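K.L.:
I'd like to ask some things about the structure below.
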Amino acid sequence: MPAIAEALGTVTYQQERWSAIKDLIGPLTESHWLEVGLDQQNIPLDLDTDLYNTLDEMGILHVTTIRSDGRLVGYFAMCVRNHPHYRTTLMAFLDSYFVLREFRGPWVAMGLFEAVESAMKDLGVKKMIAGMKLHKNIDILFQRLGWEAIETTYGKYIG
Amino acid sequence: MTTIERLIACLPDDLRLDEPVTPETTFESLGMDSLDFVYFLSDVQSKFLVEIPNREAKHMRTAGDVATWLERNVCQPSPKH
């Protein structure tokens, strides 16, 4: 693993269309899945690019990316839409977030979260909903950035 | 114990400590990620009874930066008369 100081380079955060990154994101989503994916024996990674294309075209999918010296090294994808129970309130629902391990500097993920929040505000989002895997607990990071725990999610493999 | 020594004691245990940590050692060179850094800030805040705003923390690259901020922002006990 390269030292973080050597790897980081010039880090930038920006909004990017799915269409602009879909050909670059494969290695990141695979690293992401290998690190945090559950039930890997039974549920293989198989990104539905057609669905992401559609969400992008519908203006629902919003991706904030991290680039280091221009190279894509992380992402935070949100789906922005009105909640069916609260039709007048625009909300952002997490799709996924990930940063390549060797680019996780002291403020890189925090900067990503801040960039996402700023982008969501610009879109008129009133509430963001996101989560984490319990085996990759980042409660303290969410709380540091002013998020509140609001729900516990359960899963059960019944394949 | 100096401010720097107290700060170094707040660093996570599992960092790359190939060489002694000095005020100039960057958090990046220690292999700290955001999670490590937030735990570090939390520990510093508890020990120094201070809140370090994110807008300040994001510019702190070394223990020396944190020490400088603390020395400017933490009320020193009044000398006894």
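Ordered as shown in the structure tokens, chains take letters A, B, and onward, while each chain numbers its residues from 1 and ligands are numbered from 1 in the order shown.
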Can you check which residues of chain A have any atom within 12 Å of chain B? Use only C-alpha atoms and format it as a PyMOL selection string.

P.N.:
chain A and resi 1-9+99-114+136-146

K.L.:
Given the selection you just returned, output its residues as a file containing N, CA and C atoms, formatted as a compact mmCIF listing (two decimals), in the first residue's frame.

P.N.:
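Writing the result to out_39.txt gives the following:
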# COMPACT_ATOMS: atom_id res chain seq x y z
N MET A 1 0.85 -1.19 0.00
CA MET A 1 0.00 0.00 0.00
C MET A 1 0.88 1.24 0.00
N PRO A 2 0.70 2.17 -0.96
CA PRO A 2 1.51 3.38 -0.95
C PRO A 2 1.17 4.25 0.25
N ALA A 3 2.16 4.98 0.73
CA ALA A 3 1.91 5.90 1.84
C ALA A 3 0.90 6.94 1.39
N ILE A 4 0.01 7.32 2.30
CA ILE A 4 -1.03 8.29 1.95
C ILE A 4 -0.41 9.59 1.45
N ALA A 5 0.65 10.03 2.13
CA ALA A 5 1.24 11.32 1.76
C ALA A 5 1.72 11.31 0.32
N GLU A 6 2.22 10.16 -0.15
CA GLU A 6 2.69 10.08 -1.53
C GLU A 6 1.52 9.98 -2.50
N ALA A 7 0.45 9.35 -2.03
CA ALA A 7 -0.64 9.04 -2.94
C ALA A 7 -1.62 10.19 -3.15
N LEU A 8 -1.81 11.04 -2.15
CA LEU A 8 -2.93 11.97 -2.19
C LEU A 8 -2.91 12.93 -3.36
N GLY A 9 -1.79 13.55 -3.63
CA GLY A 9 -1.75 14.52 -4.72
C GLY A 9 -2.68 15.69 -4.44
N VAL A 99 -14.11 5.61 -0.88
CA VAL A 99 -12.83 6.23 -1.25
C VAL A 99 -11.78 5.12 -1.27
N LEU A 100 -11.00 5.05 -2.32
CA LEU A 100 -9.92 4.05 -2.36
C LEU A 100 -9.04 4.18 -1.13
N ARG A 101 -8.67 3.04 -0.58
CA ARG A 101 -8.00 3.03 0.71
C ARG A 101 -6.75 3.92 0.75
N GLU A 102 -5.95 3.88 -0.31
CA GLU A 102 -4.69 4.63 -0.27
C GLU A 102 -4.87 6.13 -0.42
N PHE A 103 -6.13 6.57 -0.64
CA PHE A 103 -6.39 8.00 -0.76
C PHE A 103 -7.20 8.54 0.41
N ARG A 104 -7.27 7.76 1.48
CA ARG A 104 -8.07 8.18 2.64
C ARG A 104 -7.21 9.01 3.58
N GLY A 105 -6.97 10.24 3.23
CA GLY A 105 -6.21 11.13 4.10
C GLY A 105 -7.06 11.65 5.23
N PRO A 106 -6.46 12.47 6.12
CA PRO A 106 -7.13 12.90 7.33
C PRO A 106 -8.44 13.68 7.12
N TRP A 107 -8.59 14.35 5.99
CA TRP A 107 -9.83 15.11 5.80
C TRP A 107 -10.52 14.73 4.49
N VAL A 108 -10.08 13.70 3.84
CA VAL A 108 -10.61 13.38 2.51
C VAL A 108 -12.09 13.00 2.57
N ALA A 109 -12.44 12.08 3.44
CA ALA A 109 -13.84 11.67 3.53
C ALA A 109 -14.69 12.79 4.10
N MET A 110 -14.14 13.52 5.06
CA MET A 110 -14.89 14.65 5.63
C MET A 110 -15.16 15.68 4.53
N GLY A 111 -14.16 15.94 3.73
CA GLY A 111 -14.33 16.87 2.61
C GLY A 111 -15.38 16.40 1.64
N LEU A 112 -15.42 15.09 1.42
CA LEU A 112 -16.42 14.52 0.51
C LEU A 112 -17.83 14.74 1.07
N PHE A 113 -18.01 14.44 2.34
CA PHE A 113 -19.32 14.65 2.97
C PHE A 113 -19.72 16.13 2.89
N GLU A 114 -18.77 17.01 3.13
CA GLU A 114 -19.08 18.45 3.06
C GLU A 114 -19.47 18.85 1.64
N LYS A 136 -18.38 -1.57 9.43
CA LYS A 136 -17.49 -0.45 9.07
C LYS A 136 -18.06 0.80 9.73
N ASN A 137 -18.04 0.79 11.03
CA ASN A 137 -18.75 1.83 11.80
C ASN A 137 -18.06 3.18 11.69
N ILE A 138 -18.81 4.16 11.17
CA ILE A 138 -18.28 5.53 11.10
C ILE A 138 -19.25 6.50 11.78
N ASP A 139 -19.92 6.01 12.83
CA ASP A 139 -20.84 6.86 13.59
C ASP A 139 -20.21 8.20 13.94
N ILE A 140 -18.99 8.15 14.44
CA ILE A 140 -18.36 9.36 14.96
C ILE A 140 -18.17 10.39 13.84
N LEU A 141 -17.94 9.92 12.63
CA LEU A 141 -17.77 10.84 11.50
C LEU A 141 -19.10 11.51 11.15
N PHE A 142 -20.16 10.71 11.08
CA PHE A 142 -21.49 11.29 10.82
C PHE A 142 -21.82 12.33 11.89
N GLN A 143 -21.59 11.96 13.15
CA GLN A 143 -21.98 12.86 14.24
C GLN A 143 -21.15 14.14 14.22
N ARG A 144 -19.88 14.00 13.89
CA ARG A 144 -19.01 15.18 13.82
C ARG A 144 -19.55 16.19 12.79
N LEU A 145 -20.19 15.65 11.75
CA LEU A 145 -20.71 16.50 10.68
C LEU A 145 -22.17 16.87 10.89
N GLY A 146 -22.69 16.58 12.08
CA GLY A 146 -24.03 17.05 12.43
C GLY A 146 -25.18 16.14 12.05

K.L.:
I need the helix (DSSP H, G or I) residues of chain B per DSSP on the backbone, written as a PyMOL selection string.

P.N.:
chain B and resi 3-10+34-48+54-57+63-73

K.L.:
Once you have the residues from the selection above, write them out as a short mmCIF file (atom, residue, chain, number, x, y, z; two decimals), in the first residue's frame, restricted to N, CA and C atoms.

P.N.:
data_model
loop_
_atom_site.label_atom_id
_atom_site.label_comp_id
_atom_site.auth_asym_id
_atom_site.auth_seq_id
_atom_site.Cartn_x
_atom_site.Cartn_y
_atom_site.Cartn_z
N THR B 3 2.03 20.72 25.56
CA THR B 3 0.84 20.55 24.73
C THR B 3 1.08 19.49 23.66
N ILE B 4 2.24 19.56 23.02
CA ILE B 4 2.56 18.58 21.97
C ILE B 4 2.57 17.16 22.54
N GLU B 5 3.16 16.99 23.69
CA GLU B 5 3.21 15.64 24.28
C GLU B 5 1.80 15.15 24.60
N ARG B 6 0.95 16.05 25.07
CA ARG B 6 -0.44 15.66 25.36
C ARG B 6 -1.17 15.29 24.06
N LEU B 7 -0.88 16.03 22.99
CA LEU B 7 -1.52 15.74 21.70
C LEU B 7 -1.06 14.39 21.15
N ILE B 8 0.23 14.14 21.25
CA ILE B 8 0.76 12.87 20.74
C ILE B 8 0.11 11.70 21.47
N ALA B 9 -0.17 11.91 22.75
CA ALA B 9 -0.83 10.85 23.53
C ALA B 9 -2.24 10.59 23.04
N CYS B 10 -2.83 11.55 22.32
CA CYS B 10 -4.20 11.38 21.78
C CYS B 10 -4.22 10.64 20.45
N SER B 34 -9.81 9.84 7.65
CA SER B 34 -10.78 10.75 8.28
C SER B 34 -11.27 10.20 9.62
N LEU B 35 -11.49 8.90 9.65
CA LEU B 35 -12.01 8.31 10.88
C LEU B 35 -10.99 8.45 12.01
N ASP B 36 -9.72 8.14 11.72
CA ASP B 36 -8.66 8.32 12.72
C ASP B 36 -8.62 9.77 13.19
N PHE B 37 -8.74 10.69 12.22
CA PHE B 37 -8.60 12.10 12.55
C PHE B 37 -9.76 12.57 13.43
N VAL B 38 -10.96 12.09 13.15
CA VAL B 38 -12.11 12.49 13.96
C VAL B 38 -12.00 11.91 15.37
N TYR B 39 -11.55 10.67 15.47
CA TYR B 39 -11.32 10.11 16.82
C TYR B 39 -10.26 10.93 17.56
N PHE B 40 -9.22 11.30 16.86
CA PHE B 40 -8.15 12.13 17.45
C PHE B 40 -8.73 13.46 17.94
N LEU B 41 -9.51 14.12 17.07
CA LEU B 41 -10.10 15.42 17.46
C LEU B 41 -11.00 15.26 18.67
N SER B 42 -11.75 14.18 18.69
CA SER B 42 -12.67 13.94 19.80
C SER B 42 -11.90 13.79 21.11
N ASP B 43 -10.80 13.05 21.03
CA ASP B 43 -9.97 12.84 22.23
C ASP B 43 -9.33 14.15 22.68
N VAL B 44 -8.85 14.93 21.70
CA VAL B 44 -8.25 16.23 22.03
C VAL B 44 -9.28 17.13 22.70
N GLN B 45 -10.48 17.15 22.13
CA GLN B 45 -11.53 18.02 22.68
C GLN B 45 -11.86 17.63 24.13
N SER B 46 -11.90 16.31 24.39
CA SER B 46 -12.20 15.86 25.75
C SER B 46 -11.09 16.25 26.71
N LYS B 47 -9.86 16.05 26.27
CA LYS B 47 -8.73 16.30 27.18
C LYS B 47 -8.49 17.79 27.41
N PHE B 48 -8.75 18.60 26.40
CA PHE B 48 -8.48 20.04 26.52
C PHE B 48 -9.75 20.85 26.79
N ASN B 54 -15.05 22.40 12.68
CA ASN B 54 -14.57 21.74 11.46
C ASN B 54 -13.86 22.71 10.52
N ARG B 55 -14.37 23.95 10.47
CA ARG B 55 -13.75 24.93 9.55
C ARG B 55 -12.29 25.20 9.95
N GLU B 56 -11.96 24.98 11.22
CA GLU B 56 -10.57 25.13 11.68
C GLU B 56 -9.82 23.80 11.52
N ALA B 57 -10.48 22.72 11.92
CA ALA B 57 -9.83 21.40 11.93
C ALA B 57 -9.35 20.99 10.55
N ALA B 63 0.47 17.90 14.28
CA ALA B 63 0.21 18.11 15.71
C ALA B 63 0.58 19.53 16.10
N GLY B 64 1.59 20.08 15.45
CA GLY B 64 1.99 21.45 15.72
C GLY B 64 0.89 22.44 15.39
N ASP B 65 0.18 22.19 14.29
CA ASP B 65 -0.96 23.06 13.92
C ASP B 65 -2.03 23.03 15.02
N VAL B 66 -2.29 21.83 15.53
CA VAL B 66 -3.32 21.69 16.57
C VAL B 66 -2.86 22.39 17.85
N ALA B 67 -1.57 22.21 18.18
CA ALA B 67 -1.03 22.85 19.38
C ALA B 67 -1.14 24.36 19.29
N THR B 68 -0.81 24.90 18.12
CA THR B 68 -0.88 26.35 17.93
C THR B 68 -2.31 26.84 18.12
N TRP B 69 -3.25 26.10 17.54
CA TRP B 69 -4.66 26.49 17.67
C TRP B 69 -5.09 26.44 19.13
N LEU B 70 -4.69 25.38 19.83
CA LEU B 70 -5.09 25.24 21.23
C LEU B 70 -4.51 26.38 22.07
N GLU B 71 -3.25 26.71 21.81
CA GLU B 71 -2.62 27.76 22.60
C GLU B 71 -3.30 29.11 22.38
N ARG B 72 -3.89 29.29 21.20
CA ARG B 72 -4.60 30.56 20.91
C ARG B 72 -6.03 30.56 21.43
N ASN B 73 -6.61 29.38 21.57
CA ASN B 73 -8.05 29.32 21.82
C ASN B 73 -8.47 28.72 23.15
#

K.L.:
Mind giving me the straight-line distance from CA of Gln41 in chain A to CA of Met78 in chain A in Å, one decimal?

P.N.:
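If I compute the distance from CA of Gln41 in chain A to CA of Met78 in chain A, I get 26.9 Å.
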
K.L.:
Within 7 Å of range 60-64 of chain A, counting only C-alpha atoms, which residues qualify if same-chain residues fewer than 5 places away don't, as a list of chain:residue names?

P.N.:
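The neighbour list is A:Tyr13, A:Gln14, A:Gln15, A:Glu16, A:Arg17, A:Trp18, A:Leu55, A:Tyr75, A:Phe76, A:Ala77, A:Met78, A:Cys79, A:Val80, A:Arg81, A:Val116.
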